[in-house]
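Take a look at the structure below.
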Amino acid sequence: MRKKSWTLLLVAMIALSTVLAACGGGGDSKDGKKEITVWAMGEEGKKLKEMASKFEEENKDITVKVQAIPWGNAHDKLLTAVASGNGPDVLQLGTTWVPEFADAGALLDLKPYLKDYPEFKPENFFEGSVTSMKYDDKIVGVPWYIDTRVLYYRTDLLKEAGYDKAPATWDELKDAAEKLNARGDDMYGLDIDRNDQITPFIFAWQNGYEFEGKDKMNFDSPEFKGAIEYYASYFKEGLSPTAEGIDIVQAFKSGSKPMFFSGPWMINIINDQAPDLKDKWAVAVMPKKETNTSSMGGSNLSIFHNSEHVDESLKFISYMNEVDTQMEWLEMSNTLPSRTEAWEEPKLKEDPLLSVFGKQLENTKASPQIKEFEKIAQEFLSSIERITVGGADIDKELEQFNKKANDIVE
């Protein structure tokens, strides 16, 4: 029995060492180079390996080990790394995840390194993404790529409805949607994705709503309520479908959903899947109420708090942050550069579609930077469903939601 116990203990120790090795940051490779580990998510993780090879060519003393992690597994894997203290050297974080992991102390404060890396300073980025860089009084990440939402619309169908250009205001958007909806059965005006947690906040920001922190979330304020009433009216009046139905690209192609909100990734998708629409569609900045604010999303690059290769990690992030690298990354991944300087490049400035995103990026907000936001957002989506599908009273629903949100942060 004792021999068996020792055998089991040895197996457990080997298994544990394997797990820790897999979770830990980079070490020194056999050829004496410094090795950093980078965790990147989804398709970006797969493509980043090629970019890392180019970094290695310019930095012969550094080896980069990129681990591509599916987005579905990423959050749990990061939580495990925080709990064990064994994370990568560099990690990609979606902007809505930053507060949670910064609050857990998992992200290195980059403020002490700004003198040597001035390109990391907030003034190099759009105002909307600067919010996601900071937590408390620290700078915990550098914007890698960014995205925002704009209006996609069928130019030919809008013209038939009397619009030679995109609707520029809330009133025009509603009017255009009503005219497009009047074309017949199963024809809608504006497709709104009810599973997208940020769209109601975009409307709220446009209506003058301000998130002032945990003590003053104001989800029952007149500005927030007015935005949700406007949002819900599209479903109540049949201008937007409550059921998911046909794929958005095919619906856009057929004309049944001639307007929708989305990010830059949809450009290539439409071009690839609906080539017949060439010259029949465009994008425009968001329609305006008080403002035409949109969301600021994307991903940041951060350094794990106990990385043993901080200098090498900083060099890697700096390389990924260079304008030339960001433009190359745009070609590889179709994601937008975070550096404002990059938007002076002809590829972005002169492109009829991408230039619209550049204009919209000048007026964006990041999601509320509190660690509980994801839980609050999920609770809010439940409220939205009860309002848009169940016909719940907006006043009562928002009153209950505001109370639940305050309970979550207490």
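So you can find residues: chains in the structure tokens are A, B, ... in the order shown, residues in each start at 1, and ligands are numbered from 1 in order.
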Just the residues within 8 Å of Val249 in chain A, please, counting only C-alpha atoms, with nothing from its chain fewer than 5 positions along; format it as an mmCIF file with N, CA, C and O atoms, in the first residue's frame.
data_model
loop_
_atom_site.group_PDB
_atom_site.id
_atom_site.type_symbol
_atom_site.label_atom_id
_atom_site.label_comp_id
_atom_site.auth_asym_id
_atom_site.auth_seq_id
_atom_site.Cartn_x
_atom_site.Cartn_y
_atom_site.Cartn_z
ATOM 1 N N ILE A 269 -16.808 40.179 -45.013
ATOM 2 C CA ILE A 269 -17.851 39.143 -45.043
ATOM 3 C C ILE A 269 -18.862 39.442 -46.149
ATOM 4 O O ILE A 269 -19.245 38.565 -46.933
ATOM 5 N N ILE A 270 -19.293 40.701 -46.242
ATOM 6 C CA ILE A 270 -20.251 41.075 -47.280
ATOM 7 C C ILE A 270 -19.615 40.936 -48.664
ATOM 8 O O ILE A 270 -20.222 40.400 -49.602
ATOM 9 N N GLN A 273 -19.339 37.091 -49.310
ATOM 10 C CA GLN A 273 -20.559 36.294 -49.372
ATOM 11 C C GLN A 273 -21.662 36.903 -50.232
ATOM 12 O O GLN A 273 -22.606 36.204 -50.605
ATOM 13 N N ALA A 274 -21.524 38.193 -50.527
ATOM 14 C CA ALA A 274 -22.554 38.849 -51.342
ATOM 15 C C ALA A 274 -21.893 39.766 -52.377
ATOM 16 O O ALA A 274 -22.152 40.974 -52.413
#
Next item on the list: Any chance you could list, as a list in words, the residues in range 50-118 of chain A that come up strand (DSSP E) when DSSP is run on the backbone?
Entry: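 Answer for range 50-118 of chain A restricted to strand (DSSP E) is Ile62, Thr63, Val64, Lys65, Val66, Gln67, Ala68, Ile69, Val90, Leu91, Gln92, Leu93 and Gly94 of chain A.
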Using only all heavy atoms, please write the residues we just selected to a file, as a compact mmCIF listing (two decimals), in the first residue's frame.
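See result.txt below for the written result:
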# COMPACT_ATOMS: atom_id res chain seq x y z
N ILE A 62 15.39 37.05 -28.68
CA ILE A 62 14.08 36.76 -28.06
C ILE A 62 13.32 35.74 -28.90
O ILE A 62 13.25 35.85 -30.13
CB ILE A 62 13.23 38.04 -27.92
CG1 ILE A 62 13.98 39.11 -27.10
CG2 ILE A 62 11.89 37.72 -27.25
CD1 ILE A 62 13.26 40.45 -27.05
N THR A 63 12.76 34.76 -28.22
CA THR A 63 11.86 33.80 -28.85
C THR A 63 10.45 34.03 -28.32
O THR A 63 10.26 34.24 -27.12
CB THR A 63 12.28 32.35 -28.53
OG1 THR A 63 13.59 32.12 -29.05
CG2 THR A 63 11.32 31.35 -29.15
N VAL A 64 9.48 34.03 -29.22
CA VAL A 64 8.08 34.26 -28.84
C VAL A 64 7.29 32.98 -29.04
O VAL A 64 7.24 32.43 -30.14
CB VAL A 64 7.45 35.40 -29.67
CG1 VAL A 64 6.00 35.63 -29.23
CG2 VAL A 64 8.25 36.68 -29.53
N LYS A 65 6.67 32.52 -27.99
CA LYS A 65 5.81 31.33 -28.04
C LYS A 65 4.37 31.80 -27.93
O LYS A 65 3.91 32.23 -26.88
CB LYS A 65 6.16 30.39 -26.89
CG LYS A 65 5.33 29.11 -26.86
CD LYS A 65 5.72 28.26 -25.66
CE LYS A 65 4.86 27.00 -25.56
NZ LYS A 65 5.20 26.21 -24.34
N VAL A 66 3.64 31.73 -29.05
CA VAL A 66 2.26 32.17 -29.09
C VAL A 66 1.33 30.99 -28.85
O VAL A 66 1.44 29.96 -29.52
CB VAL A 66 1.92 32.83 -30.44
CG1 VAL A 66 0.44 33.23 -30.49
CG2 VAL A 66 2.80 34.06 -30.67
N GLN A 67 0.43 31.15 -27.89
CA GLN A 67 -0.58 30.12 -27.65
C GLN A 67 -1.94 30.70 -28.03
O GLN A 67 -2.41 31.68 -27.44
CB GLN A 67 -0.58 29.69 -26.18
CG GLN A 67 -1.55 28.55 -25.91
CD GLN A 67 -1.43 28.00 -24.50
OE1 GLN A 67 -0.52 28.37 -23.76
NE2 GLN A 67 -2.34 27.14 -24.13
N ALA A 68 -2.56 30.10 -29.06
CA ALA A 68 -3.88 30.55 -29.51
C ALA A 68 -4.95 29.87 -28.67
O ALA A 68 -4.99 28.65 -28.56
CB ALA A 68 -4.07 30.22 -30.99
N ILE A 69 -5.80 30.68 -28.07
CA ILE A 69 -6.83 30.17 -27.17
C ILE A 69 -8.21 30.54 -27.73
O ILE A 69 -8.46 31.70 -28.03
CB ILE A 69 -6.67 30.79 -25.76
CG1 ILE A 69 -5.28 30.51 -25.21
CG2 ILE A 69 -7.74 30.26 -24.81
CD1 ILE A 69 -4.96 31.27 -23.94
N VAL A 90 2.75 37.95 -21.89
CA VAL A 90 1.88 38.92 -22.55
C VAL A 90 0.53 38.27 -22.80
O VAL A 90 0.46 37.10 -23.20
CB VAL A 90 2.50 39.38 -23.90
CG1 VAL A 90 1.57 40.35 -24.61
CG2 VAL A 90 3.86 40.02 -23.67
N LEU A 91 -0.55 39.00 -22.55
CA LEU A 91 -1.86 38.44 -22.79
C LEU A 91 -2.75 39.45 -23.50
O LEU A 91 -2.63 40.66 -23.29
CB LEU A 91 -2.53 37.97 -21.49
CG LEU A 91 -2.88 38.99 -20.42
CD1 LEU A 91 -4.00 38.44 -19.54
CD2 LEU A 91 -1.68 39.31 -19.54
N GLN A 92 -3.59 38.93 -24.37
CA GLN A 92 -4.61 39.73 -25.04
C GLN A 92 -5.85 39.74 -24.17
O GLN A 92 -6.29 38.70 -23.68
CB GLN A 92 -4.93 39.12 -26.40
CG GLN A 92 -6.12 39.76 -27.11
CD GLN A 92 -6.57 38.98 -28.33
OE1 GLN A 92 -5.96 37.97 -28.68
NE2 GLN A 92 -7.63 39.43 -28.97
N LEU A 93 -6.42 40.92 -24.01
CA LEU A 93 -7.66 41.04 -23.23
C LEU A 93 -8.68 41.84 -24.02
O LEU A 93 -8.37 42.94 -24.50
CB LEU A 93 -7.41 41.75 -21.90
CG LEU A 93 -6.81 40.96 -20.74
CD1 LEU A 93 -6.65 41.88 -19.53
CD2 LEU A 93 -7.68 39.77 -20.37
N GLY A 94 -9.89 41.30 -24.17
CA GLY A 94 -10.97 42.11 -24.69
C GLY A 94 -11.21 43.27 -23.74
O GLY A 94 -11.06 43.14 -22.52
Check: Hey, what does DSSP flag as helix (DSSP H, G or I) within range 288-365 of chain A? Can you give it to me as a VMD selection string?
Finding: chain A and resid 310 to 321 323 to 333 340 to 344 346 to 349 354 to 360
Write out as a PDB file with N, CA, C and O atoms, in the first residue's frame each polymer residue whose atoms come within 12 Å of Asn73 in chain A, counting only C-alpha atoms; drop sequence neighbours fewer than 6 positions from it.
ATOM      1  N   TRP A  39      -0.389  34.823 -24.867  1.00  0.00           N
ATOM      2  CA  TRP A  39      -1.709  34.227 -25.032  1.00  0.00           C
ATOM      3  C   TRP A  39      -2.556  35.178 -25.872  1.00  0.00           C
ATOM      4  O   TRP A  39      -2.764  36.333 -25.501  1.00  0.00           O
ATOM      5  N   ALA A  40      -3.038  34.674 -27.001  1.00  0.00           N
ATOM      6  CA  ALA A  40      -3.904  35.473 -27.865  1.00  0.00           C
ATOM      7  C   ALA A  40      -5.130  34.655 -28.219  1.00  0.00           C
ATOM      8  O   ALA A  40      -5.075  33.424 -28.270  1.00  0.00           O
ATOM      9  N   MET A  41      -6.231  35.346 -28.476  1.00  0.00           N
ATOM     10  CA  MET A  41      -7.524  34.666 -28.579  1.00  0.00           C
ATOM     11  C   MET A  41      -8.004  34.510 -30.024  1.00  0.00           C
ATOM     12  O   MET A  41      -7.736  35.344 -30.880  1.00  0.00           O
ATOM     13  N   GLY A  42      -8.734  33.444 -30.242  1.00  0.00           N
ATOM     14  CA  GLY A  42      -9.436  33.238 -31.504  1.00  0.00           C
ATOM     15  C   GLY A  42      -8.536  33.246 -32.725  1.00  0.00           C
ATOM     16  O   GLY A  42      -7.398  32.771 -32.702  1.00  0.00           O
ATOM     17  N   LEU A  79      -8.749  33.043 -15.593  1.00  0.00           N
ATOM     18  CA  LEU A  79      -9.060  32.950 -14.164  1.00  0.00           C
ATOM     19  C   LEU A  79      -8.160  31.929 -13.476  1.00  0.00           C
ATOM     20  O   LEU A  79      -7.674  32.160 -12.356  1.00  0.00           O
ATOM     21  N   THR A  80      -7.920  30.795 -14.142  1.00  0.00           N
ATOM     22  CA  THR A  80      -7.027  29.776 -13.592  1.00  0.00           C
ATOM     23  C   THR A  80      -5.611  30.324 -13.436  1.00  0.00           C
ATOM     24  O   THR A  80      -4.934  30.072 -12.429  1.00  0.00           O
TER      25      THR A  80
END
Note to self: Here is a test: counting only C-alpha atoms, which residue of A:Gly226, A:Gly391, A:Gly189, A:Pro200 is nearest to Phe252 in chain A?
What the structure shows: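 Nearest candidate to Phe252 in chain A out of A:Gly226, A:Gly391, A:Gly189, A:Pro200: A:Gly189.
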Gln250 in chain A: which residues within 12 Å, counting only C-alpha atoms, same-chain residues fewer than 4 positions away excluded, as a CSV table (one decimal) with all heavy atoms, in the first residue's frame?
chain,number,residue,atom,x,y,z
A,245,GLY,N,-34.1,34.6,-37.3
A,245,GLY,CA,-34.4,34.4,-38.7
A,245,GLY,C,-33.2,34.2,-39.6
A,245,GLY,O,-32.2,33.6,-39.2
A,246,ILE,N,-33.3,34.7,-40.8
A,246,ILE,CA,-32.3,34.5,-41.8
A,246,ILE,C,-31.0,35.2,-41.4
A,246,ILE,O,-31.0,36.2,-40.8
A,246,ILE,CB,-32.8,35.0,-43.2
A,246,ILE,CG1,-31.9,34.6,-44.3
A,246,ILE,CG2,-33.0,36.5,-43.2
A,246,ILE,CD1,-32.5,34.8,-45.7
A,254,SER,N,-30.8,40.1,-49.9
A,254,SER,CA,-32.2,40.0,-50.4
A,254,SER,C,-32.9,41.3,-50.2
A,254,SER,O,-33.9,41.6,-50.9
A,254,SER,CB,-32.9,38.9,-49.7
A,254,SER,OG,-33.2,39.3,-48.3
A,255,GLY,N,-32.4,42.2,-49.3
A,255,GLY,CA,-33.1,43.4,-49.1
A,255,GLY,C,-34.1,43.4,-47.9
A,255,GLY,O,-34.7,44.4,-47.6
A,256,SER,N,-34.3,42.2,-47.3
A,256,SER,CA,-35.3,42.2,-46.2
A,256,SER,C,-34.8,42.9,-45.0
A,256,SER,O,-35.6,43.3,-44.2
A,256,SER,CB,-35.6,40.7,-45.9
A,256,SER,OG,-34.5,40.0,-45.5
A,257,LYS,N,-33.5,43.0,-44.8
A,257,LYS,CA,-32.9,43.8,-43.7
A,257,LYS,C,-31.9,44.7,-44.3
A,257,LYS,O,-30.7,44.4,-44.4
A,257,LYS,CB,-32.3,42.8,-42.7
A,257,LYS,CG,-33.2,41.9,-42.0
A,257,LYS,CD,-32.5,40.9,-41.1
A,257,LYS,CE,-33.5,40.0,-40.3
A,257,LYS,NZ,-32.8,39.1,-39.4
A,258,PRO,N,-32.4,45.9,-44.8
A,258,PRO,CA,-31.5,46.8,-45.5
A,258,PRO,C,-30.6,47.7,-44.7
A,258,PRO,O,-29.7,48.4,-45.3
A,258,PRO,CB,-32.5,47.6,-46.3
A,258,PRO,CG,-33.7,47.6,-45.5
A,258,PRO,CD,-33.8,46.3,-44.8
A,269,ILE,N,-16.8,40.2,-45.0
A,269,ILE,CA,-17.9,39.1,-45.0
A,269,ILE,C,-18.9,39.4,-46.1
A,269,ILE,O,-19.2,38.6,-46.9
A,269,ILE,CB,-18.5,39.0,-43.7
A,269,ILE,CG1,-17.6,38.5,-42.6
A,269,ILE,CG2,-19.8,38.1,-43.8
A,269,ILE,CD1,-18.1,38.4,-41.2
A,270,ILE,N,-19.3,40.7,-46.2
A,270,ILE,CA,-20.3,41.1,-47.3
A,270,ILE,C,-19.6,40.9,-48.7
A,270,ILE,O,-20.2,40.4,-49.6
A,270,ILE,CB,-20.8,42.5,-47.1
A,270,ILE,CG1,-21.6,42.6,-45.8
A,270,ILE,CG2,-21.6,43.0,-48.3
A,270,ILE,CD1,-22.0,44.0,-45.4
A,271,ASN,N,-18.4,41.4,-48.8
A,271,ASN,CA,-17.7,41.3,-50.1
A,271,ASN,C,-17.5,39.9,-50.5
A,271,ASN,O,-17.7,39.5,-51.7
A,271,ASN,CB,-16.3,42.0,-50.0
A,271,ASN,CG,-16.5,43.5,-50.0
A,271,ASN,OD1,-17.5,44.1,-50.5
A,271,ASN,ND2,-15.5,44.2,-49.5
A,272,ASP,N,-17.2,39.0,-49.6
A,272,ASP,CA,-17.0,37.6,-49.9
A,272,ASP,C,-18.3,36.8,-50.1
A,272,ASP,O,-18.4,36.0,-51.1
A,272,ASP,CB,-16.3,36.9,-48.8
A,272,ASP,CG,-14.8,37.4,-48.6
A,272,ASP,OD1,-14.3,38.0,-49.6
A,272,ASP,OD2,-14.2,37.2,-47.6
A,273,GLN,N,-19.3,37.1,-49.3
A,273,GLN,CA,-20.6,36.3,-49.4
A,273,GLN,C,-21.7,36.9,-50.2
A,273,GLN,O,-22.6,36.2,-50.6
A,273,GLN,CB,-21.1,36.1,-48.0
A,273,GLN,CG,-20.1,35.3,-47.1
A,273,GLN,CD,-20.7,35.0,-45.7
A,273,GLN,OE1,-21.9,35.1,-45.5
A,273,GLN,NE2,-19.9,34.6,-44.8
A,274,ALA,N,-21.5,38.2,-50.5
A,274,ALA,CA,-22.6,38.8,-51.3
A,274,ALA,C,-21.9,39.8,-52.4
A,274,ALA,O,-22.2,41.0,-52.4
A,274,ALA,CB,-23.5,39.6,-50.5
A,275,PRO,N,-21.1,39.2,-53.3
A,275,PRO,CA,-20.4,40.0,-54.2
A,275,PRO,C,-21.3,40.8,-55.2
A,275,PRO,O,-20.9,41.8,-55.8
A,275,PRO,CB,-19.5,39.0,-55.0
A,275,PRO,CG,-20.1,37.7,-54.8
A,275,PRO,CD,-20.7,37.8,-53.4
A,276,ASP,N,-22.5,40.2,-55.4
A,276,ASP,CA,-23.5,40.9,-56.3
A,276,ASP,C,-23.9,42.3,-55.8
A,276,ASP,O,-24.5,43.0,-56.5
A,276,ASP,CB,-24.7,40.0,-56.4
A,276,ASP,CG,-24.4,38.7,-57.2
A,276,ASP,OD1,-23.3,38.6,-57.8
A,276,ASP,OD2,-25.2,37.8,-57.1
A,277,LEU,N,-23.6,42.5,-54.5
A,277,LEU,CA,-24.0,43.8,-53.9
A,277,LEU,C,-23.0,44.9,-54.2
A,277,LEU,O,-23.2,46.0,-53.7
A,277,LEU,CB,-24.2,43.7,-52.4
A,277,LEU,CG,-25.5,42.9,-51.9
A,277,LEU,CD1,-25.6,43.0,-50.4
A,277,LEU,CD2,-26.7,43.5,-52.6
Near range 150-167 of chain A, 7 Å: range 205-265 of chain A residue rows, closest pairs, only C-alpha atoms, as a tab-separated table:
residue	atom	partner	partner_atom	distance
A:Pro258	CA	A:Arg154	CA	5.4
A:Met259	CA	A:Tyr153	CA	4.4
A:Phe260	CA	A:Tyr152	CA	5.4
A:Phe261	CA	A:Leu151	CA	4.7
A:Ser262	CA	A:Val150	CA	5.8
A:Gly263	CA	A:Val150	CA	6.4
Notebook entry, point to check: What lies within 12 Å of Gly208 in chain A using only C-alpha atoms, ignoring chain neighbours under 2 positions off, as JSON, numbers by chain?
Noted result: {"A": [201, 202, 203, 204, 205, 206, 210, 211, 218, 221, 222, 223, 224, 225, 226, 227, 288, 289, 290, 291, 292, 293]}
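Using only C-alpha atoms, the smallest distance between any of A:Phe125, A:Phe380, A:Phe316, A:Phe373 and Val38 in chain A comes from A:Phe316.
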Any idea what's packed within 10 Å of Tyr117 in chain A, counting only C-alpha atoms, ignoring anything in its chain fewer than 4 positions away? Could you give it as a CSV table (one decimal) with all heavy atoms, in the first residue's frame?
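File out10.csv, as written:
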chain,number,residue,atom,x,y,z
A,110,LEU,N,2.0,49.7,-16.2
A,110,LEU,CA,3.0,50.1,-17.3
A,110,LEU,C,3.4,51.6,-17.1
A,110,LEU,O,4.3,52.0,-17.8
A,110,LEU,CB,2.4,49.9,-18.7
A,110,LEU,CG,1.9,48.5,-19.0
A,110,LEU,CD1,1.4,48.5,-20.4
A,110,LEU,CD2,3.1,47.5,-18.8
A,111,LYS,N,2.9,52.3,-16.1
A,111,LYS,CA,3.3,53.7,-15.9
A,111,LYS,C,4.8,53.9,-15.8
A,111,LYS,O,5.3,54.8,-16.4
A,111,LYS,CB,2.5,54.3,-14.7
A,111,LYS,CG,1.3,55.0,-15.1
A,111,LYS,CD,0.8,55.8,-13.9
A,111,LYS,CE,-0.4,56.7,-14.3
A,111,LYS,NZ,-1.0,57.5,-13.2
A,112,PRO,N,5.5,53.1,-15.0
A,112,PRO,CA,6.9,53.3,-14.8
A,112,PRO,C,7.7,53.1,-16.1
A,112,PRO,O,8.9,53.5,-16.1
A,112,PRO,CB,7.3,52.2,-13.8
A,112,PRO,CG,6.0,51.8,-13.1
A,112,PRO,CD,5.0,52.0,-14.1
A,113,TYR,N,7.1,52.6,-17.2
A,113,TYR,CA,7.8,52.3,-18.4
A,113,TYR,C,7.5,53.3,-19.5
A,113,TYR,O,8.1,53.2,-20.6
A,113,TYR,CB,7.5,50.9,-18.9
A,113,TYR,CG,7.8,49.8,-17.8
A,113,TYR,CD1,6.8,49.3,-17.0
A,113,TYR,CD2,9.1,49.4,-17.6
A,113,TYR,CE1,7.0,48.4,-16.0
A,113,TYR,CE2,9.3,48.4,-16.6
A,113,TYR,CZ,8.3,47.9,-15.8
A,113,TYR,OH,8.5,47.0,-14.8
A,121,LYS,N,1.9,56.0,-24.4
A,121,LYS,CA,1.1,57.1,-23.7
A,121,LYS,C,-0.3,57.3,-24.3
A,121,LYS,O,-0.5,57.1,-25.5
A,121,LYS,CB,1.9,58.4,-23.8
A,121,LYS,CG,3.2,58.4,-23.0
A,121,LYS,CD,3.9,59.8,-23.0
A,121,LYS,CE,5.2,59.8,-22.2
A,121,LYS,NZ,5.9,61.1,-22.2
A,314,LEU,N,7.8,44.1,-23.1
A,314,LEU,CA,7.6,45.5,-23.5
A,314,LEU,C,8.0,45.7,-25.0
A,314,LEU,O,7.4,46.4,-25.7
A,314,LEU,CB,8.4,46.4,-22.6
A,314,LEU,CG,7.8,46.6,-21.2
A,314,LEU,CD1,8.8,47.3,-20.3
A,314,LEU,CD2,6.5,47.4,-21.2
A,315,LYS,N,9.1,45.1,-25.3
A,315,LYS,CA,9.6,45.2,-26.7
A,315,LYS,C,8.6,44.6,-27.7
A,315,LYS,O,8.4,45.1,-28.8
A,315,LYS,CB,11.0,44.5,-26.9
A,315,LYS,CG,12.1,45.2,-26.3
A,315,LYS,CD,13.4,44.5,-26.5
A,315,LYS,CE,14.6,45.2,-25.9
A,315,LYS,NZ,15.9,44.5,-26.1
A,317,ILE,N,5.3,44.2,-27.3
A,317,ILE,CA,4.1,45.1,-27.3
A,317,ILE,C,4.4,46.3,-28.1
A,317,ILE,O,3.6,46.8,-28.9
A,317,ILE,CB,3.6,45.4,-25.9
A,317,ILE,CG1,3.1,44.2,-25.2
A,317,ILE,CG2,2.5,46.5,-26.0
A,317,ILE,CD1,2.6,44.4,-23.8
A,318,SER,N,5.6,46.9,-27.9
A,318,SER,CA,6.1,48.0,-28.7
A,318,SER,C,6.1,47.7,-30.2
A,318,SER,O,5.6,48.6,-31.0
A,318,SER,CB,7.4,48.5,-28.2
A,318,SER,OG,7.9,49.6,-29.0
